[in-house]
Amino acid sequence: MTTHIESEEHRALRAAVAALGTRHGRNHDHHELWSEAGRLGYLGVNLPEAYGGGGGGITELSIVLEELGAAGCPLLMLIVSPAICGTVIARFGTEEQQRTWLPGLADGTRLMAFGITEPDAGSNSHRITTTARRDGADWLLTGRKVFVSGVDIADATLIVGRTEDARTGRLKPCLFIVPRDTPGFGRRKIDMELAAQEKQFELTLDDVRLPAEALVGGGPSHAFGRGGEDAGLLQLFAGLNPERIMTAAFAIGMGRYAVAKAVEYARDRTVWKSPIGAHQAIAHPLAQAHIDLELARLMMQKAAQLYDAGDDAGAGEAANMAKYAAGEACAKAVDQAVHTLGGNGLTREFGLASLVTAARVARIAPVSREMILNYVSHQTLGLPKSY
Ligand SMILES: Cc1cc2nc3c(=O)[nH]c(=O)nc-3n(C[C@H](O)[C@H](O)[C@H](O)COP(=O)(O)OP(=O)(O)OC[C@H]3O[C@@H](n4cnc5c(N)ncnc54)[C@H](O)[C@@H]3O)c2cc1C
């Protein structure tokens, strides 16, 4: 008898999503794949059943993203729309926000982007300056964001801003839902050297007028302890762990795809007596890449399980480690895959060269490898801080 560390349901989900991914493949139509995955219920596996989701968690959603990636057709917006925005709204949104957004995010008919990065803050999100001030019952939001993915196709963007604490004057984080065509909400496409379907945008928010209901969780008068204006930090952390776990899934899927392509090639390609895969110089790095991806997946599963069990603090460390391990494993796997194919590694026909740039994304976003090493140095090992 074979024992599995994943439940039968999870293995069945993996197999079903893998079959969908294989049908669509690397040259897929992104929109069609998104729609079909939505109809089949895969995009909202983590969202509450009461709003049309699957009632699962990030464990299930990470399986979906990993398997699509392993088939060559990852959906980057899964990281943003159901994982970050869906989670934040499901956990902290008002009933009205949940009713308005969750069914569409769950079946994929609506999309939400997520904007936290700012040009002058970067990795130091304590420095973000996008600020909301009250104007009667409304909010006026002003600031700039950069590298925000999918704003053109998203119905709204969840913007991380700050409000001024009336008592202390300190700026507190808070999240606003900003519909795409709100006056004063501008976007400019950034010319990225990435062969990805999703585009990145620089955003300008110029006194964007938003109703009180745009603040996630509503105003301070809302249900105890969940009020948007005071609960921003909690809300933010609720979204950031799923983002890291899902980025790990994205990287592991891409790494698996690259290794599989390289192995297929190395089995056949013969330039001496035996196929190149018989040379240990080719075989061993691929075996190492496979091991690194498997290890990264184990850490991702740990992070997802902790998160789904409600242990936000425990999940934080594991999610950071999983994202780090997966980003490194993916970059190495892709590099080795390209090398295995020799000249063909750089042709469009084999489609691996463009993954070299794509693989870097998981080392940079949503939090860079250095910032994770900093986190582990300080939080886990208790070493002093240099910055
Ligand atoms: C394809 C893509 C999609 C993205 N999508 C989104 C999105 O949807 N929404 C969003 O809000 N953002 C998004 N981002 C932004 C992403 O989260 C940031 O690029 C990332 O957080 C790093 O910030 P930065 O680019 O400003 O780099 P910087 O903060 O300027 O860092 C530059 C370099 O310096 C290093 N560094 C910085 N501080 C330290 C330190 N203290 N110690 C050691 N090294 C340090 C970093 O590790 C990095 O290597 C996306 C980025 C990319 C590339």
# chains A, B, ... in the order shown; residues from 1 in each chain; ligands from 1

$ residues_near_ligand --ligand "ligand 1" --cutoff "6 Å" --atoms "only C-alpha atoms and all ligand atoms" --output "ChimeraX atom specification"
/A:114-117,122-123,147-149,361,364-371,387

$ select_by_dssp --residues "range 2-119 of chain A" --states "helix (DSSP H, G or I)" --output "PDB file with N, CA and C atoms, in the first residue's frame"
ATOM      1  N   GLU A   8      -6.868  12.127   0.157  1.00  0.00           N
ATOM      2  CA  GLU A   8      -7.376  11.661  -1.128  1.00  0.00           C
ATOM      3  C   GLU A   8      -8.022  12.803  -1.922  1.00  0.00           C
ATOM      4  N   GLU A   9      -8.742  13.683  -1.179  1.00  0.00           N
ATOM      5  CA  GLU A   9      -9.381  14.835  -1.852  1.00  0.00           C
ATOM      6  C   GLU A   9      -8.345  15.742  -2.494  1.00  0.00           C
ATOM      7  N   HIS A  10      -7.269  15.957  -1.770  1.00  0.00           N
ATOM      8  CA  HIS A  10      -6.240  16.846  -2.309  1.00  0.00           C
ATOM      9  C   HIS A  10      -5.565  16.235  -3.530  1.00  0.00           C
ATOM     10  N   ARG A  11      -5.360  14.939  -3.480  1.00  0.00           N
ATOM     11  CA  ARG A  11      -4.751  14.284  -4.644  1.00  0.00           C
ATOM     12  C   ARG A  11      -5.705  14.297  -5.834  1.00  0.00           C
ATOM     13  N   ALA A  12      -6.998  14.157  -5.540  1.00  0.00           N
ATOM     14  CA  ALA A  12      -7.987  14.200  -6.619  1.00  0.00           C
ATOM     15  C   ALA A  12      -8.037  15.606  -7.232  1.00  0.00           C
ATOM     16  N   LEU A  13      -7.942  16.628  -6.358  1.00  0.00           N
ATOM     17  CA  LEU A  13      -7.931  18.007  -6.857  1.00  0.00           C
ATOM     18  C   LEU A  13      -6.703  18.232  -7.744  1.00  0.00           C
ATOM     19  N   ARG A  14      -5.542  17.786  -7.263  1.00  0.00           N
ATOM     20  CA  ARG A  14      -4.301  17.883  -8.051  1.00  0.00           C
ATOM     21  C   ARG A  14      -4.474  17.265  -9.438  1.00  0.00           C
ATOM     22  N   ALA A  15      -5.024  16.043  -9.440  1.00  0.00           N
ATOM     23  CA  ALA A  15      -5.152  15.318 -10.715  1.00  0.00           C
ATOM     24  C   ALA A  15      -6.122  16.048 -11.651  1.00  0.00           C
ATOM     25  N   ALA A  16      -7.220  16.548 -11.087  1.00  0.00           N
ATOM     26  CA  ALA A  16      -8.219  17.207 -11.929  1.00  0.00           C
ATOM     27  C   ALA A  16      -7.659  18.514 -12.504  1.00  0.00           C
ATOM     28  N   VAL A  17      -6.957  19.288 -11.673  1.00  0.00           N
ATOM     29  CA  VAL A  17      -6.397  20.557 -12.165  1.00  0.00           C
ATOM     30  C   VAL A  17      -5.271  20.280 -13.155  1.00  0.00           C
ATOM     31  N   ALA A  18      -4.470  19.247 -12.877  1.00  0.00           N
ATOM     32  CA  ALA A  18      -3.393  18.892 -13.806  1.00  0.00           C
ATOM     33  C   ALA A  18      -3.988  18.546 -15.175  1.00  0.00           C
ATOM     34  N   ALA A  19      -5.122  17.846 -15.176  1.00  0.00           N
ATOM     35  CA  ALA A  19      -5.756  17.472 -16.450  1.00  0.00           C
ATOM     36  C   ALA A  19      -6.232  18.730 -17.184  1.00  0.00           C
ATOM     37  N   LEU A  20      -6.806  19.663 -16.439  1.00  0.00           N
ATOM     38  CA  LEU A  20      -7.241  20.928 -17.054  1.00  0.00           C
ATOM     39  C   LEU A  20      -6.028  21.665 -17.630  1.00  0.00           C
ATOM     40  N   GLY A  21      -4.946  21.736 -16.846  1.00  0.00           N
ATOM     41  CA  GLY A  21      -3.736  22.421 -17.298  1.00  0.00           C
ATOM     42  C   GLY A  21      -3.156  21.766 -18.542  1.00  0.00           C
ATOM     43  N   THR A  22      -3.139  20.453 -18.573  1.00  0.00           N
ATOM     44  CA  THR A  22      -2.575  19.738 -19.726  1.00  0.00           C
ATOM     45  C   THR A  22      -3.412  20.008 -20.983  1.00  0.00           C
ATOM     46  N   ARG A  23      -4.722  20.091 -20.796  1.00  0.00           N
ATOM     47  CA  ARG A  23      -5.593  20.385 -21.948  1.00  0.00           C
ATOM     48  C   ARG A  23      -5.299  21.778 -22.515  1.00  0.00           C
ATOM     49  N   HIS A  24      -4.982  22.736 -21.639  1.00  0.00           N
ATOM     50  CA  HIS A  24      -4.733  24.099 -22.109  1.00  0.00           C
ATOM     51  C   HIS A  24      -3.273  24.297 -22.519  1.00  0.00           C
ATOM     52  N   HIS A  30      -5.342  32.648 -22.207  1.00  0.00           N
ATOM     53  CA  HIS A  30      -5.392  32.914 -20.771  1.00  0.00           C
ATOM     54  C   HIS A  30      -6.815  33.133 -20.270  1.00  0.00           C
ATOM     55  N   HIS A  31      -7.571  33.905 -21.048  1.00  0.00           N
ATOM     56  CA  HIS A  31      -8.927  34.257 -20.632  1.00  0.00           C
ATOM     57  C   HIS A  31      -9.812  33.007 -20.580  1.00  0.00           C
ATOM     58  N   GLU A  32      -9.640  32.167 -21.614  1.00  0.00           N
ATOM     59  CA  GLU A  32     -10.435  30.923 -21.663  1.00  0.00           C
ATOM     60  C   GLU A  32     -10.120  30.011 -20.475  1.00  0.00           C
ATOM     61  N   LEU A  33      -8.815  29.897 -20.184  1.00  0.00           N
ATOM     62  CA  LEU A  33      -8.405  29.041 -19.066  1.00  0.00           C
ATOM     63  C   LEU A  33      -8.984  29.586 -17.754  1.00  0.00           C
ATOM     64  N   TRP A  34      -8.881  30.900 -17.567  1.00  0.00           N
ATOM     65  CA  TRP A  34      -9.404  31.528 -16.337  1.00  0.00           C
ATOM     66  C   TRP A  34     -10.904  31.220 -16.203  1.00  0.00           C
ATOM     67  N   SER A  35     -11.650  31.401 -17.320  1.00  0.00           N
ATOM     68  CA  SER A  35     -13.105  31.188 -17.275  1.00  0.00           C
ATOM     69  C   SER A  35     -13.437  29.742 -16.958  1.00  0.00           C
ATOM     70  N   GLU A  36     -12.727  28.824 -17.625  1.00  0.00           N
ATOM     71  CA  GLU A  36     -13.041  27.414 -17.391  1.00  0.00           C
ATOM     72  C   GLU A  36     -12.687  27.003 -15.954  1.00  0.00           C
ATOM     73  N   ALA A  37     -11.528  27.458 -15.483  1.00  0.00           N
ATOM     74  CA  ALA A  37     -11.135  27.130 -14.100  1.00  0.00           C
ATOM     75  C   ALA A  37     -12.165  27.704 -13.126  1.00  0.00           C
ATOM     76  N   GLY A  38     -12.705  28.868 -13.447  1.00  0.00           N
ATOM     77  CA  GLY A  38     -13.732  29.487 -12.603  1.00  0.00           C
ATOM     78  C   GLY A  38     -15.016  28.667 -12.601  1.00  0.00           C
ATOM     79  N   ARG A  39     -15.438  28.270 -13.801  1.00  0.00           N
ATOM     80  CA  ARG A  39     -16.674  27.464 -13.904  1.00  0.00           C
ATOM     81  C   ARG A  39     -16.539  26.151 -13.140  1.00  0.00           C
ATOM     82  N   GLU A  49     -18.165  28.730   1.374  1.00  0.00           N
ATOM     83  CA  GLU A  49     -19.233  28.121   0.564  1.00  0.00           C
ATOM     84  C   GLU A  49     -20.458  29.016   0.490  1.00  0.00           C
ATOM     85  N   ALA A  50     -20.715  29.757   1.574  1.00  0.00           N
ATOM     86  CA  ALA A  50     -21.902  30.628   1.608  1.00  0.00           C
ATOM     87  C   ALA A  50     -21.874  31.652   0.476  1.00  0.00           C
ATOM     88  N   TYR A  51     -20.691  31.955  -0.035  1.00  0.00           N
ATOM     89  CA  TYR A  51     -20.579  32.933  -1.131  1.00  0.00           C
ATOM     90  C   TYR A  51     -20.122  32.277  -2.427  1.00  0.00           C
ATOM     91  N   ILE A  58      -6.067  27.884   1.821  1.00  0.00           N
ATOM     92  CA  ILE A  58      -4.921  28.180   0.958  1.00  0.00           C
ATOM     93  C   ILE A  58      -4.231  26.880   0.542  1.00  0.00           C
ATOM     94  N   THR A  59      -4.374  25.836   1.346  1.00  0.00           N
ATOM     95  CA  THR A  59      -3.835  24.525   0.959  1.00  0.00           C
ATOM     96  C   THR A  59      -4.392  24.134  -0.419  1.00  0.00           C
ATOM     97  N   GLU A  60      -5.708  24.237  -0.565  1.00  0.00           N
ATOM     98  CA  GLU A  60      -6.347  23.825  -1.816  1.00  0.00           C
ATOM     99  C   GLU A  60      -5.982  24.779  -2.963  1.00  0.00           C
ATOM    100  N   LEU A  61      -6.015  26.095  -2.655  1.00  0.00           N
ATOM    101  CA  LEU A  61      -5.725  27.059  -3.724  1.00  0.00           C
ATOM    102  C   LEU A  61      -4.274  26.933  -4.205  1.00  0.00           C
ATOM    103  N   SER A  62      -3.360  26.595  -3.299  1.00  0.00           N
ATOM    104  CA  SER A  62      -1.962  26.449  -3.714  1.00  0.00           C
ATOM    105  C   SER A  62      -1.790  25.209  -4.600  1.00  0.00           C
ATOM    106  N   ILE A  63      -2.616  24.195  -4.364  1.00  0.00           N
ATOM    107  CA  ILE A  63      -2.574  23.005  -5.237  1.00  0.00           C
ATOM    108  C   ILE A  63      -2.994  23.405  -6.657  1.00  0.00           C
ATOM    109  N   VAL A  64      -4.052  24.216  -6.736  1.00  0.00           N
ATOM    110  CA  VAL A  64      -4.552  24.651  -8.056  1.00  0.00           C
ATOM    111  C   VAL A  64      -3.452  25.407  -8.811  1.00  0.00           C
ATOM    112  N   LEU A  65      -2.824  26.379  -8.138  1.00  0.00           N
ATOM    113  CA  LEU A  65      -1.822  27.189  -8.824  1.00  0.00           C
ATOM    114  C   LEU A  65      -0.592  26.362  -9.188  1.00  0.00           C
ATOM    115  N   GLU A  66      -0.148  25.503  -8.277  1.00  0.00           N
ATOM    116  CA  GLU A  66       1.036  24.693  -8.576  1.00  0.00           C
ATOM    117  C   GLU A  66       0.794  23.803  -9.796  1.00  0.00           C
ATOM    118  N   GLU A  67      -0.366  23.167  -9.833  1.00  0.00           N
ATOM    119  CA  GLU A  67      -0.629  22.230 -10.938  1.00  0.00           C
ATOM    120  C   GLU A  67      -0.791  22.951 -12.277  1.00  0.00           C
ATOM    121  N   LEU A  68      -1.406  24.126 -12.269  1.00  0.00           N
ATOM    122  CA  LEU A  68      -1.508  24.877 -13.533  1.00  0.00           C
ATOM    123  C   LEU A  68      -0.102  25.293 -13.989  1.00  0.00           C
ATOM    124  N   GLY A  69       0.725  25.702 -13.037  1.00  0.00           N
ATOM    125  CA  GLY A  69       2.100  26.088 -13.368  1.00  0.00           C
ATOM    126  C   GLY A  69       2.885  24.911 -13.911  1.00  0.00           C
ATOM    127  N   ALA A  70       2.711  23.750 -13.313  1.00  0.00           N
ATOM    128  CA  ALA A  70       3.439  22.565 -13.751  1.00  0.00           C
ATOM    129  C   ALA A  70       3.023  22.162 -15.164  1.00  0.00           C
ATOM    130  N   MET A  77      -2.903  35.849 -11.351  1.00  0.00           N
ATOM    131  CA  MET A  77      -3.926  36.595 -10.608  1.00  0.00           C
ATOM    132  C   MET A  77      -4.579  35.761  -9.502  1.00  0.00           C
ATOM    133  N   LEU A  78      -4.321  34.438  -9.507  1.00  0.00           N
ATOM    134  CA  LEU A  78      -4.803  33.619  -8.382  1.00  0.00           C
ATOM    135  C   LEU A  78      -4.150  34.067  -7.078  1.00  0.00           C
ATOM    136  N   ILE A  79      -2.918  34.566  -7.186  1.00  0.00           N
ATOM    137  CA  ILE A  79      -2.206  35.014  -5.981  1.00  0.00           C
ATOM    138  C   ILE A  79      -2.900  36.244  -5.410  1.00  0.00           C
ATOM    139  N   VAL A  80      -3.410  37.066  -6.324  1.00  0.00           N
ATOM    140  CA  VAL A  80      -3.917  38.367  -5.911  1.00  0.00           C
ATOM    141  C   VAL A  80      -5.416  38.332  -5.619  1.00  0.00           C
ATOM    142  N   SER A  81      -6.194  37.844  -6.588  1.00  0.00           N
ATOM    143  CA  SER A  81      -7.646  38.016  -6.485  1.00  0.00           C
ATOM    144  C   SER A  81      -8.277  37.129  -5.402  1.00  0.00           C
ATOM    145  N   PRO A  82      -8.268  35.795  -5.553  1.00  0.00           N
ATOM    146  CA  PRO A  82      -8.878  35.015  -4.458  1.00  0.00           C
ATOM    147  C   PRO A  82      -7.999  34.890  -3.219  1.00  0.00           C
ATOM    148  N   ALA A  83      -6.644  34.835  -3.408  1.00  0.00           N
ATOM    149  CA  ALA A  83      -5.799  34.540  -2.237  1.00  0.00           C
ATOM    150  C   ALA A  83      -5.640  35.755  -1.326  1.00  0.00           C
ATOM    151  N   ILE A  84      -5.268  36.910  -1.883  1.00  0.00           N
ATOM    152  CA  ILE A  84      -5.097  38.082  -1.006  1.00  0.00           C
ATOM    153  C   ILE A  84      -6.458  38.756  -0.790  1.00  0.00           C
ATOM    154  N   CYS A  85      -7.050  39.250  -1.885  1.00  0.00           N
ATOM    155  CA  CYS A  85      -8.248  40.083  -1.734  1.00  0.00           C
ATOM    156  C   CYS A  85      -9.414  39.253  -1.190  1.00  0.00           C
ATOM    157  N   GLY A  86      -9.606  38.046  -1.734  1.00  0.00           N
ATOM    158  CA  GLY A  86     -10.703  37.188  -1.271  1.00  0.00           C
ATOM    159  C   GLY A  86     -10.568  36.877   0.214  1.00  0.00           C
ATOM    160  N   THR A  87      -9.342  36.554   0.630  1.00  0.00           N
ATOM    161  CA  THR A  87      -9.109  36.226   2.044  1.00  0.00           C
ATOM    162  C   THR A  87      -9.412  37.425   2.937  1.00  0.00           C
ATOM    163  N   VAL A  88      -8.890  38.586   2.558  1.00  0.00           N
ATOM    164  CA  VAL A  88      -9.075  39.780   3.394  1.00  0.00           C
ATOM    165  C   VAL A  88     -10.564  40.113   3.514  1.00  0.00           C
ATOM    166  N   ILE A  89     -11.281  40.053   2.393  1.00  0.00           N
ATOM    167  CA  ILE A  89     -12.707  40.397   2.440  1.00  0.00           C
ATOM    168  C   ILE A  89     -13.491  39.326   3.206  1.00  0.00           C
ATOM    169  N   ALA A  90     -13.141  38.051   2.987  1.00  0.00           N
ATOM    170  CA  ALA A  90     -13.857  36.984   3.704  1.00  0.00           C
ATOM    171  C   ALA A  90     -13.628  37.089   5.211  1.00  0.00           C
ATOM    172  N   ARG A  91     -12.426  37.501   5.602  1.00  0.00           N
ATOM    173  CA  ARG A  91     -12.121  37.550   7.040  1.00  0.00           C
ATOM    174  C   ARG A  91     -12.506  38.870   7.691  1.00  0.00           C
ATOM    175  N   PHE A  92     -12.424  39.955   6.945  1.00  0.00           N
ATOM    176  CA  PHE A  92     -12.609  41.263   7.589  1.00  0.00           C
ATOM    177  C   PHE A  92     -13.641  42.165   6.932  1.00  0.00           C
ATOM    178  N   GLU A  95     -20.536  42.679   5.772  1.00  0.00           N
ATOM    179  CA  GLU A  95     -21.421  41.739   5.083  1.00  0.00           C
ATOM    180  C   GLU A  95     -21.696  42.212   3.658  1.00  0.00           C
ATOM    181  N   GLU A  96     -21.880  43.502   3.524  1.00  0.00           N
ATOM    182  CA  GLU A  96     -22.149  44.104   2.218  1.00  0.00           C
ATOM    183  C   GLU A  96     -20.962  43.873   1.259  1.00  0.00           C
ATOM    184  N   GLN A  97     -19.751  44.076   1.755  1.00  0.00           N
ATOM    185  CA  GLN A  97     -18.561  43.857   0.916  1.00  0.00           C
ATOM    186  C   GLN A  97     -18.440  42.384   0.529  1.00  0.00           C
ATOM    187  N   GLN A  98     -18.767  41.510   1.471  1.00  0.00           N
ATOM    188  CA  GLN A  98     -18.693  40.077   1.176  1.00  0.00           C
ATOM    189  C   GLN A  98     -19.719  39.692   0.118  1.00  0.00           C
ATOM    190  N   ARG A  99     -20.930  40.231   0.252  1.00  0.00           N
ATOM    191  CA  ARG A  99     -21.988  39.922  -0.721  1.00  0.00           C
ATOM    192  C   ARG A  99     -21.645  40.476  -2.104  1.00  0.00           C
ATOM    193  N   THR A 100     -21.052  41.665  -2.114  1.00  0.00           N
ATOM    194  CA  THR A 100     -20.735  42.309  -3.388  1.00  0.00           C
ATOM    195  C   THR A 100     -19.588  41.596  -4.103  1.00  0.00           C
ATOM    196  N   TRP A 101     -18.570  41.175  -3.361  1.00  0.00           N
ATOM    197  CA  TRP A 101     -17.348  40.733  -4.020  1.00  0.00           C
ATOM    198  C   TRP A 101     -17.108  39.234  -4.047  1.00  0.00           C
ATOM    199  N   LEU A 102     -17.439  38.532  -2.963  1.00  0.00           N
ATOM    200  CA  LEU A 102     -16.978  37.138  -2.872  1.00  0.00           C
ATOM    201  C   LEU A 102     -17.523  36.203  -3.957  1.00  0.00           C
ATOM    202  N   PRO A 103     -18.826  36.278  -4.310  1.00  0.00           N
ATOM    203  CA  PRO A 103     -19.291  35.342  -5.345  1.00  0.00           C
ATOM    204  C   PRO A 103     -18.534  35.506  -6.667  1.00  0.00           C
ATOM    205  N   GLY A 104     -18.270  36.742  -7.066  1.00  0.00           N
ATOM    206  CA  GLY A 104     -17.546  36.999  -8.320  1.00  0.00           C
ATOM    207  C   GLY A 104     -16.081  36.592  -8.235  1.00  0.00           C
ATOM    208  N   LEU A 105     -15.460  36.842  -7.078  1.00  0.00           N
ATOM    209  CA  LEU A 105     -14.051  36.421  -6.930  1.00  0.00           C
ATOM    210  C   LEU A 105     -13.976  34.902  -6.920  1.00  0.00           C
ATOM    211  N   ALA A 106     -15.013  34.262  -6.363  1.00  0.00           N
ATOM    212  CA  ALA A 106     -15.002  32.798  -6.258  1.00  0.00           C
ATOM    213  C   ALA A 106     -15.178  32.117  -7.619  1.00  0.00           C
ATOM    214  N   ASP A 107     -16.066  32.665  -8.473  1.00  0.00           N
ATOM    215  CA  ASP A 107     -16.233  31.978  -9.771  1.00  0.00           C
ATOM    216  C   ASP A 107     -15.396  32.627 -10.882  1.00  0.00           C
TER     217      ASP A 107
END

$ residues_around --residues "range 335-348 of chain A" --least-positions-apart "5" --cutoff "7 Å" --atoms "only C-alpha atoms" --output "PDB file with C-alpha atoms, in the first residue's frame"
ATOM      1  CA  ALA A 258      11.034  23.372 -16.543  1.00  0.00           C
ATOM      2  CA  VAL A 259      12.509  20.192 -15.045  1.00  0.00           C
ATOM      3  CA  ALA A 262      14.520  19.177 -19.559  1.00  0.00           C
ATOM      4  CA  TYR A 265      14.753  16.327 -23.812  1.00  0.00           C
ATOM      5  CA  ALA A 266      17.694  14.710 -21.997  1.00  0.00           C
ATOM      6  CA  ILE A 282      23.331  16.788 -16.924  1.00  0.00           C
ATOM      7  CA  PRO A 285      21.738  19.079 -11.435  1.00  0.00           C
ATOM      8  CA  LEU A 286      18.271  18.028 -12.615  1.00  0.00           C
ATOM      9  CA  ALA A 353      14.336  31.002 -22.241  1.00  0.00           C
ATOM     10  CA  VAL A 356      14.546  32.759 -16.980  1.00  0.00           C
TER      11      VAL A 356
END

$ residues_around --residues "Asp135 in chain A" --least-positions-apart "6" --cutoff "10 Å" --atoms "only C-alpha atoms" --output "VMD selection string"
chain A and resid 209 to 212

$ select_by_dssp --residues "range 155-233 of chain A" --states "strand (DSSP E)" --output "PyMOL selection string"
chain A and resi 156-164+171-179+185-189+200-210

$ atom_distance --atom1 "CA of Thr131 in chain A" --atom2 "CA of Gly143 in chain A"
6.4 Å

$ atom_distance --atom1 "CA of Leu352 in chain A" --atom2 "CA of Asp292 in chain A"
19.2 Å

$ closest_residue --among "A:Glu6, A:Glu328, A:Glu294, A:Asp206" --to "Arg360 in chain A" --atoms "only C-alpha atoms"
A:Glu328

$ residues_around --residues "Phe250 in chain A" --least-positions-apart "3" --cutoff "8 Å" --atoms "only C-alpha atoms" --output "list of chain:residue names"
A:Leu65, A:Glu66, A:Gly69, A:Pro74, A:Leu76, A:Met246, A:Thr247, A:Gly253, A:Met254, A:Ala362

$ atom_distance --atom1 "CA of Leu75 in chain A" --atom2 "CA of Arg297 in chain A"
18.1 Å

$ residues_around --residues "range 184-195 of chain A" --least-positions-apart "4" --cutoff "10 Å" --atoms "only C-alpha atoms" --output "PyMOL selection string"
chain A and resi 141-152+178-180+199-209+353-361

$ write_last_selection --atoms "N, CA and C atoms" --output "tab-separated table (two decimals), in the first residue's frame"
chain	number	residue	atom	x	y	z
A	141	LEU	N	-8.45	59.73	-1.20
A	141	LEU	CA	-7.24	58.91	-1.17
A	141	LEU	C	-6.22	59.47	-2.16
A	142	THR	N	-5.00	59.71	-1.68
A	142	THR	CA	-3.97	60.30	-2.53
A	142	THR	C	-2.65	59.55	-2.35
A	143	GLY	N	-2.00	59.22	-3.47
A	143	GLY	CA	-0.70	58.56	-3.36
A	143	GLY	C	-0.28	57.94	-4.69
A	144	ARG	N	0.79	57.13	-4.63
A	144	ARG	CA	1.30	56.48	-5.85
A	144	ARG	C	1.66	55.04	-5.53
A	145	LYS	N	1.41	54.17	-6.48
A	145	LYS	CA	1.78	52.75	-6.33
A	145	LYS	C	2.56	52.33	-7.56
A	146	VAL	N	3.31	51.23	-7.44
A	146	VAL	CA	4.09	50.80	-8.59
A	146	VAL	C	4.13	49.26	-8.64
A	147	PHE	N	4.27	48.74	-9.86
A	147	PHE	CA	4.35	47.29	-10.11
A	147	PHE	C	3.07	46.53	-9.74
A	148	VAL	N	1.94	47.19	-9.75
A	148	VAL	CA	0.71	46.50	-9.37
A	148	VAL	C	0.20	45.68	-10.57
A	149	SER	N	0.00	44.38	-10.35
A	149	SER	CA	-0.35	43.46	-11.44
A	149	SER	C	-1.84	43.45	-11.72
A	150	GLY	N	-2.17	43.42	-13.01
A	150	GLY	CA	-3.54	43.12	-13.45
A	150	GLY	C	-4.57	44.20	-13.23
A	151	VAL	N	-4.14	45.45	-13.04
A	151	VAL	CA	-5.11	46.52	-12.75
A	151	VAL	C	-6.07	46.73	-13.92
A	152	ASP	N	-5.57	46.51	-15.16
A	152	ASP	CA	-6.41	46.71	-16.35
A	152	ASP	C	-7.55	45.71	-16.45
A	178	VAL	N	-10.88	50.15	-4.46
A	178	VAL	CA	-11.00	51.25	-5.41
A	178	VAL	C	-11.42	50.70	-6.78
A	179	PRO	N	-12.67	50.94	-7.20
A	179	PRO	CA	-13.12	50.46	-8.51
A	179	PRO	C	-12.27	51.06	-9.64
A	180	ARG	N	-12.10	50.27	-10.72
A	180	ARG	CA	-11.15	50.63	-11.78
A	180	ARG	C	-11.38	52.02	-12.36
A	199	LYS	N	-0.12	42.23	-16.79
A	199	LYS	CA	0.73	43.42	-16.92
A	199	LYS	C	0.88	44.10	-15.57
A	200	GLN	N	1.98	44.88	-15.45
A	200	GLN	CA	2.21	45.63	-14.21
A	200	GLN	C	1.98	47.12	-14.47
A	201	PHE	N	1.48	47.81	-13.45
A	201	PHE	CA	1.09	49.21	-13.61
A	201	PHE	C	1.64	50.10	-12.51
A	202	GLU	N	1.91	51.35	-12.94
A	202	GLU	CA	2.15	52.40	-11.95
A	202	GLU	C	0.81	53.10	-11.77
A	203	LEU	N	0.43	53.34	-10.54
A	203	LEU	CA	-0.89	53.93	-10.26
A	203	LEU	C	-0.72	55.31	-9.63
A	204	THR	N	-1.59	56.22	-10.04
A	204	THR	CA	-1.63	57.52	-9.37
A	204	THR	C	-3.03	57.69	-8.77
A	205	LEU	N	-3.06	58.08	-7.52
A	205	LEU	CA	-4.35	58.34	-6.87
A	205	LEU	C	-4.33	59.80	-6.47
A	206	ASP	N	-5.21	60.55	-7.13
A	206	ASP	CA	-5.19	61.98	-6.96
A	206	ASP	C	-6.53	62.42	-6.35
A	207	ASP	N	-6.57	62.55	-5.04
A	207	ASP	CA	-7.82	62.89	-4.35
A	207	ASP	C	-8.97	62.01	-4.83
A	208	VAL	N	-8.75	60.71	-4.83
A	208	VAL	CA	-9.78	59.77	-5.28
A	208	VAL	C	-10.90	59.73	-4.22
A	209	ARG	N	-12.10	60.14	-4.64
A	209	ARG	CA	-13.21	60.20	-3.69
A	209	ARG	C	-13.88	58.83	-3.56
A	353	ALA	N	13.51	29.83	-22.51
A	353	ALA	CA	14.34	31.00	-22.24
A	353	ALA	C	13.54	32.10	-21.53
A	354	SER	N	12.28	32.28	-21.92
A	354	SER	CA	11.49	33.37	-21.31
A	354	SER	C	11.21	33.10	-19.84
A	355	LEU	N	11.33	31.82	-19.46
A	355	LEU	CA	11.10	31.50	-18.04
A	355	LEU	C	12.25	32.00	-17.15
A	356	VAL	N	13.41	32.28	-17.78
A	356	VAL	CA	14.55	32.76	-16.98
A	356	VAL	C	14.15	34.07	-16.29
A	357	THR	N	13.52	34.96	-17.02
A	357	THR	CA	13.07	36.23	-16.42
A	357	THR	C	11.92	35.97	-15.47
A	358	ALA	N	10.97	35.16	-15.93
A	358	ALA	CA	9.78	34.91	-15.10
A	358	ALA	C	10.17	34.29	-13.75
A	359	ALA	N	11.20	33.41	-13.77
A	359	ALA	CA	11.60	32.73	-12.54
A	359	ALA	C	12.16	33.72	-11.52
A	360	ARG	N	12.71	34.84	-12.01
A	360	ARG	CA	13.27	35.84	-11.09
A	360	ARG	C	12.19	36.50	-10.25
A	361	VAL	N	10.97	36.52	-10.78
A	361	VAL	CA	9.90	37.25	-10.08
A	361	VAL	C	9.73	36.71	-8.66
